[in-house]
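So this block is structure_2.cif, mmCIF, C-alpha atoms:
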data_final
#
loop_
_atom_site.label_atom_id
_atom_site.label_comp_id
_atom_site.auth_asym_id
_atom_site.auth_seq_id
_atom_site.Cartn_x
_atom_site.Cartn_y
_atom_site.Cartn_z
CA MET A 33 -10.52 6.51 -5.69
CA VAL A 34 -12.12 5.33 -2.48
CA SER A 35 -9.81 4.10 0.25
CA PHE A 36 -10.61 0.45 -0.09
CA THR A 37 -7.38 -0.62 1.62
CA ALA A 38 -8.90 0.18 4.98
CA LEU A 39 -10.96 -2.98 4.46
CA LEU A 40 -7.81 -5.04 3.99
CA VAL A 41 -6.65 -4.82 7.54
CA ALA A 42 -10.03 -5.67 8.99
CA CYS A 43 -9.81 -8.95 7.12
CA SER A 44 -6.12 -9.63 7.61
CA THR A 45 -6.28 -9.25 11.38
CA VAL A 46 -8.51 -12.32 11.50
CA ALA A 47 -7.00 -14.23 8.55
CA SER A 48 -3.31 -14.76 9.21
CA VAL A 49 -1.67 -17.80 7.63
CA LEU A 50 1.78 -19.19 6.96
CA ALA A 51 2.03 -19.73 3.22
CA ALA A 52 4.03 -22.39 1.45
CA PRO A 53 6.75 -21.31 -1.02
CA GLY A 54 5.26 -20.32 -4.35
CA SER A 55 1.76 -20.46 -2.94
CA VAL A 56 -1.09 -19.04 -4.98
CA ILE A 57 -4.02 -17.40 -3.22
CA PHE A 58 -7.13 -17.10 -5.36
CA GLY A 59 -9.35 -14.13 -4.61
CA ARG A 60 -12.72 -14.97 -6.07
CA GLY A 61 -16.17 -15.13 -4.57
CA GLY A 62 -15.94 -15.76 -0.85
CA THR A 63 -12.32 -16.98 -0.77
CA PRO A 64 -10.75 -15.63 2.44
CA SER A 65 -8.14 -12.91 2.37
CA SER A 66 -4.91 -13.60 4.21
CA ALA A 67 -1.78 -12.19 5.78
CA GLY A 68 1.32 -13.75 7.26
CA THR A 69 4.94 -14.55 6.56
CA HIS A 70 6.38 -16.10 3.42
CA ASP A 71 10.04 -16.89 2.73
CA GLY A 72 11.30 -14.28 5.18
CA PHE A 73 8.88 -11.48 4.26
CA TYR A 74 5.53 -10.33 5.58
CA TYR A 75 2.70 -10.35 3.05
CA SER A 76 -0.86 -9.05 3.07
CA TRP A 77 -3.58 -9.86 0.56
CA TRP A 78 -7.21 -8.79 0.52
CA THR A 79 -10.03 -8.92 -2.02
CA ASP A 80 -13.74 -8.22 -1.70
CA GLY A 81 -14.43 -11.17 -4.00
CA GLN A 82 -16.35 -9.12 -6.57
CA GLY A 83 -13.75 -9.36 -9.31
CA ASP A 84 -11.33 -12.00 -10.53
CA ALA A 85 -7.89 -11.86 -8.91
CA THR A 86 -4.92 -14.15 -8.44
CA TYR A 87 -2.19 -13.29 -5.95
CA THR A 88 1.01 -15.36 -5.88
CA ASN A 89 3.80 -15.27 -3.31
CA GLY A 90 7.08 -15.79 -5.12
CA PRO A 91 10.55 -16.35 -3.66
CA LYS A 92 11.84 -13.96 -0.99
CA GLY A 93 10.36 -10.48 -1.55
CA GLN A 94 8.62 -11.24 -4.85
CA TYR A 95 4.90 -11.38 -5.50
CA SER A 96 2.67 -11.26 -8.57
CA LEU A 97 -0.93 -10.20 -9.03
CA THR A 98 -3.43 -10.21 -11.87
CA TRP A 99 -6.94 -8.81 -11.60
CA SER A 100 -10.02 -7.74 -13.53
CA GLY A 101 -13.66 -6.90 -12.92
CA ASN A 102 -15.73 -4.75 -10.61
CA GLY A 103 -14.01 -5.31 -7.30
CA ASN A 104 -11.51 -4.00 -4.76
CA LEU A 105 -8.20 -5.69 -3.96
CA VAL A 106 -4.76 -5.02 -2.57
CA GLY A 107 -1.72 -7.19 -1.98
CA GLY A 108 1.99 -6.98 -1.46
CA LYS A 109 5.09 -7.95 0.47
CA GLY A 110 7.30 -6.18 2.98
CA TRP A 111 7.86 -6.20 6.72
CA ASN A 112 6.07 -6.31 10.04
CA PRO A 113 6.72 -4.14 11.88
CA GLY A 114 7.60 -1.26 9.62
CA THR A 115 10.19 1.34 10.49
CA ALA A 116 10.82 5.02 9.90
CA ASN A 117 14.39 4.38 8.76
CA ARG A 118 13.96 1.69 6.13
CA VAL A 119 15.36 2.24 2.62
CA ILE A 120 13.30 0.11 0.24
CA ASN A 121 14.37 -1.17 -3.14
CA TYR A 122 11.71 -2.46 -5.49
CA SER A 123 11.56 -3.51 -9.13
CA GLY A 124 9.31 -5.29 -11.56
CA THR A 125 6.38 -4.67 -13.85
CA TYR A 126 3.07 -2.90 -13.27
CA GLN A 127 0.29 -2.57 -15.84
CA TYR A 128 -3.19 -1.21 -15.28
CA ASN A 129 -6.40 -0.24 -17.05
CA GLY A 130 -8.35 2.03 -14.71
CA ASN A 131 -7.92 2.91 -11.05
CA SER A 132 -4.88 1.42 -9.36
CA TYR A 133 -1.91 2.28 -7.11
CA LEU A 134 1.60 0.98 -6.65
CA ALA A 135 2.77 2.27 -3.28
CA VAL A 136 4.70 1.79 -0.09
CA TYR A 137 1.78 1.22 2.25
CA GLY A 138 1.49 0.84 6.00
CA TRP A 139 -0.09 1.71 9.32
CA THR A 140 0.89 3.11 12.70
CA LYS A 141 -0.89 3.02 16.06
CA ASN A 142 -1.17 5.75 18.70
CA PRO A 143 -1.96 7.70 16.65
CA LEU A 144 -3.73 5.45 14.21
CA VAL A 145 -2.55 6.43 10.72
CA GLU A 146 -2.81 4.78 7.30
CA TYR A 147 -0.06 5.99 4.96
CA TYR A 148 0.86 5.75 1.29
CA ILE A 149 4.01 6.65 -0.62
CA VAL A 150 2.55 6.34 -4.11
CA GLU A 151 5.09 5.52 -6.81
CA ASN A 152 2.71 4.89 -9.71
CA PHE A 153 -1.03 5.13 -10.26
CA GLY A 154 -3.73 4.66 -12.86
CA THR A 155 -6.53 6.92 -14.03
CA TYR A 156 -7.14 8.51 -10.63
CA ASN A 157 -4.45 10.75 -9.14
CA PRO A 158 -4.75 10.50 -5.35
CA SER A 159 -3.16 13.93 -4.92
CA SER A 160 -6.42 15.40 -6.25
CA GLY A 161 -8.24 14.43 -3.05
CA GLY A 162 -7.77 15.49 0.56
CA THR A 163 -5.97 18.55 1.87
CA THR A 164 -2.70 19.60 0.24
CA ARG A 165 0.14 19.99 2.76
CA GLY A 166 2.98 20.93 0.41
CA THR A 167 5.65 18.86 -1.29
CA VAL A 168 8.79 16.88 -0.56
CA GLU A 169 11.64 16.02 -2.92
CA SER A 170 13.09 12.54 -2.59
CA ASP A 171 14.51 9.73 -4.68
CA GLY A 172 14.60 11.74 -7.90
CA SER A 173 11.15 13.33 -7.89
CA ILE A 174 8.80 15.78 -6.21
CA TYR A 175 5.99 14.19 -4.20
CA ASP A 176 2.76 15.98 -3.28
CA ILE A 177 1.83 15.67 0.39
CA ILE A 178 -1.85 15.11 1.10
CA GLU A 179 -3.80 14.52 4.31
CA SER A 180 -7.33 13.15 4.60
CA THR A 181 -9.61 11.82 7.33
CA ARG A 182 -11.45 8.50 7.38
CA THR A 183 -14.47 8.48 9.70
CA ASN A 184 -15.81 5.27 11.22
CA GLN A 185 -14.02 3.03 8.73
CA PRO A 186 -12.36 -0.39 9.10
CA SER A 187 -8.77 -0.29 10.33
CA ILE A 188 -6.14 -2.52 11.92
CA ILE A 189 -7.88 -2.02 15.29
CA GLY A 190 -11.44 -2.35 13.99
CA THR A 191 -13.86 0.40 13.01
CA ALA A 192 -12.25 3.75 13.82
CA THR A 193 -11.68 7.34 12.73
CA PHE A 194 -8.11 7.94 11.58
CA GLN A 195 -5.88 10.05 9.36
CA GLN A 196 -4.49 9.09 5.98
CA TYR A 197 -1.11 10.51 4.97
CA TRP A 198 -0.13 10.53 1.30
CA ALA A 199 3.00 11.32 -0.67
CA VAL A 200 2.28 11.05 -4.40
CA ARG A 201 5.16 10.94 -6.86
CA ARG A 202 4.84 13.28 -9.83
CA ASN A 203 7.36 11.41 -11.99
CA LYS A 204 5.70 8.01 -11.94
CA ARG A 205 7.89 4.91 -12.00
CA THR A 206 7.89 1.16 -11.44
CA GLY A 207 11.18 0.50 -9.72
CA GLY A 208 13.78 2.29 -7.67
CA THR A 209 14.66 3.24 -4.12
CA VAL A 210 12.27 4.73 -1.56
CA THR A 211 13.93 6.49 1.37
CA VAL A 212 11.08 6.18 3.83
CA LYS A 213 12.61 8.55 6.39
CA ASN A 214 12.37 11.48 3.99
CA PHE A 215 8.60 11.13 3.82
CA PHE A 216 8.08 10.55 7.51
CA ASP A 217 10.20 13.65 8.25
CA ALA A 218 8.20 15.67 5.72
CA TRP A 219 4.90 14.57 7.28
CA ALA A 220 6.23 15.40 10.76
CA SER A 221 7.22 18.89 9.60
CA LYS A 222 3.56 19.44 8.66
CA ASN A 223 2.42 18.27 12.11
CA MET A 224 1.29 14.98 10.58
CA LYS A 225 2.32 12.70 13.41
CA LEU A 226 2.93 8.97 13.18
CA GLY A 227 2.84 6.37 15.94
CA ALA A 228 4.19 2.88 16.58
CA HIS A 229 4.66 0.97 13.35
CA ASP A 230 2.53 -1.93 12.23
CA TYR A 231 3.19 -3.55 8.85
CA GLN A 232 4.89 -1.85 5.88
CA ILE A 233 4.64 -3.33 2.37
CA VAL A 234 5.03 -2.43 -1.30
CA ALA A 235 1.46 -2.94 -2.43
CA THR A 236 -0.48 -3.15 -5.66
CA GLU A 237 -4.11 -2.01 -5.45
CA GLY A 238 -6.93 -2.27 -7.95
CA TYR A 239 -10.39 -0.74 -7.85
CA PHE A 240 -12.96 -1.52 -10.57
CA SER A 241 -10.10 -2.00 -13.00
CA SER A 242 -7.83 -4.60 -14.54
CA GLY A 243 -4.12 -5.12 -14.60
CA SER A 244 -1.12 -7.08 -13.45
CA SER A 245 2.04 -6.62 -11.46
CA GLN A 246 5.13 -8.59 -10.59
CA ILE A 247 7.10 -6.82 -7.90
CA THR A 248 10.22 -7.71 -5.91
CA VAL A 249 11.02 -5.83 -2.71
CA SER A 250 14.18 -5.73 -0.58
CA GLU A 251 16.02 -3.49 1.85
CA ALA A 252 18.85 -1.38 0.50
#
Could you show the structure in this file as structure tokens?
Amino acid sequence: MVSFTALLVACSTVASVLAAPGSVIFGRGGTPSSAGTHDGFYYSWWTDGQGDATYTNGPKGQYSLTWSGNGNLVGGKGWNPGTANRVINYSGTYQYNGNSYLAVYGWTKNPLVEYYIVENFGTYNPSSGGTTRGTVESDGSIYDIIESTRTNQPSIIGTATFQQYWAVRRNKRTGGTVTVKNFFDAWASKNMKLGAHDYQIVATEGYFSSGSSQITVSEA
């Protein structure tokens, strides 16, 4: 799967809003993407407008998303800034037909890094791309560690070249605890350095696919 989430941050840096409780953001055509705070949580939502997608901010750390068609989209809730020590609980439902991820997703600056802790995925396994850096065991499963480079792509600071760090869960699930520190320590042990944290969310992504999710996030 292409890394379409890099496009998200280019949009969300210029489209920050404060959403009303239970607000629904329709991603269709040229409808703007958005990011901001909602009911005590940070959220980020982006779509390229090529498919049909509806993102809804629910109470507290809950969001829901339905999508279909030939487009790219990603949305979720979490925190801004992120942290290396957060223990994340999440639960809900996640259904897909095609390429999709459910992941802890975030960015750091200095160095600029886009990272994924992939909990579930569709027809494309992201551990099949990039350079394999080993494995880490955490939260009841082995995760494959992958590193890749994005050259002259959109990022949270504009067009840039940056690293992507991946940890892809072998025993896929839709709910549980993610001990973020375990993954950051594993990346560091492979000389995969992180910087100052930007946002950190539990995101649903879709790429030329269809599906739905309803996810609730919280700190343990």
Just give me the gap between CA of Trp78 (chain A) and CA of Ser66 (chain A) in Å, one decimal is fine. 6.5 Å
Selection in question (the file shown): the PyMOL selection byres ((chain A and resi 96) around 9). Which residues does it include, as a ChimeraX atom specification? /A:86-90,94-95,97-98,107-108,244-248
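What the PyMOL selection byres ((chain A and resi 99) around 10) matches in the given file is A:Gly59, A:Gly83, A:Asp84, A:Ala85, A:Thr86, A:Tyr87, A:Leu97, A:Thr98, A:Ser100, A:Gly101, A:Asn102, A:Gly103, A:Asn104, A:Leu105, A:Tyr128, A:Glu237, A:Gly238, A:Tyr239, A:Phe240, A:Ser241, A:Ser242, A:Gly243, A:Ser244, A:Ser245.
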Please enumerate the residues selected by the PyMOL selection byres ((chain A and resi 228) around 7) when evaluated against the supplied file, formatted as a ChimeraX atom specification. /A:140-142,227,229-230
Distance CA of Asn112 (chain A)-CA of Trp139 (chain A), one decimal place? 10.1 Å
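Atom pair CA of Arg182 (chain A) / CA of Lys213 (chain A): separated by 24.1 Å.
Proximity to Gly161 (chain A) was assessed for A:Tyr74, A:Trp198, A:Trp111, A:Tyr133 counting all atoms listed in the file; the smallest distance is recorded for A:Trp198.
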Got a sec: who's within 6 Å of region 200-208 of chain A, counting only C-alpha atoms, leaving out chain neighbours fewer than 3 positions off, as a PyMOL selection string? chain A and resi 121-123+150-152+173-176
Which is closest to Ala252 (chain A) among A:Val234, A:Glu146, A:Tyr126, A:Thr211, if we use only C-alpha atoms? A:Thr211
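Here the question is which of A:Leu144, A:Ala135, A:Ile149, A:Met224 gets nearest to Glu179 (chain A) using all atoms listed in the file, and that residue is A:Met224.
Compared by their closest atoms to Gly154 (chain A), and using all atoms listed in the file, the residues A:Leu134, A:Ile189, A:Ile178, A:Val106 rank with A:Leu134 nearest.
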Top pick for closest residue to Phe153 (chain A), considering A:Phe194, A:Ile177, A:Ser132, A:Gln127 and counting only C-alpha atoms: A:Ser132
Considering all atoms listed in the file, return as a VMD selection string whatever protein or nucleic-acid residues lie within 10 Å of Phe73 (chain A), sequence-local ones (same chain, fewer than 4 positions apart) excluded. chain A and resid 68 to 69 89 91 to 94 109 to 112 233 249 to 250
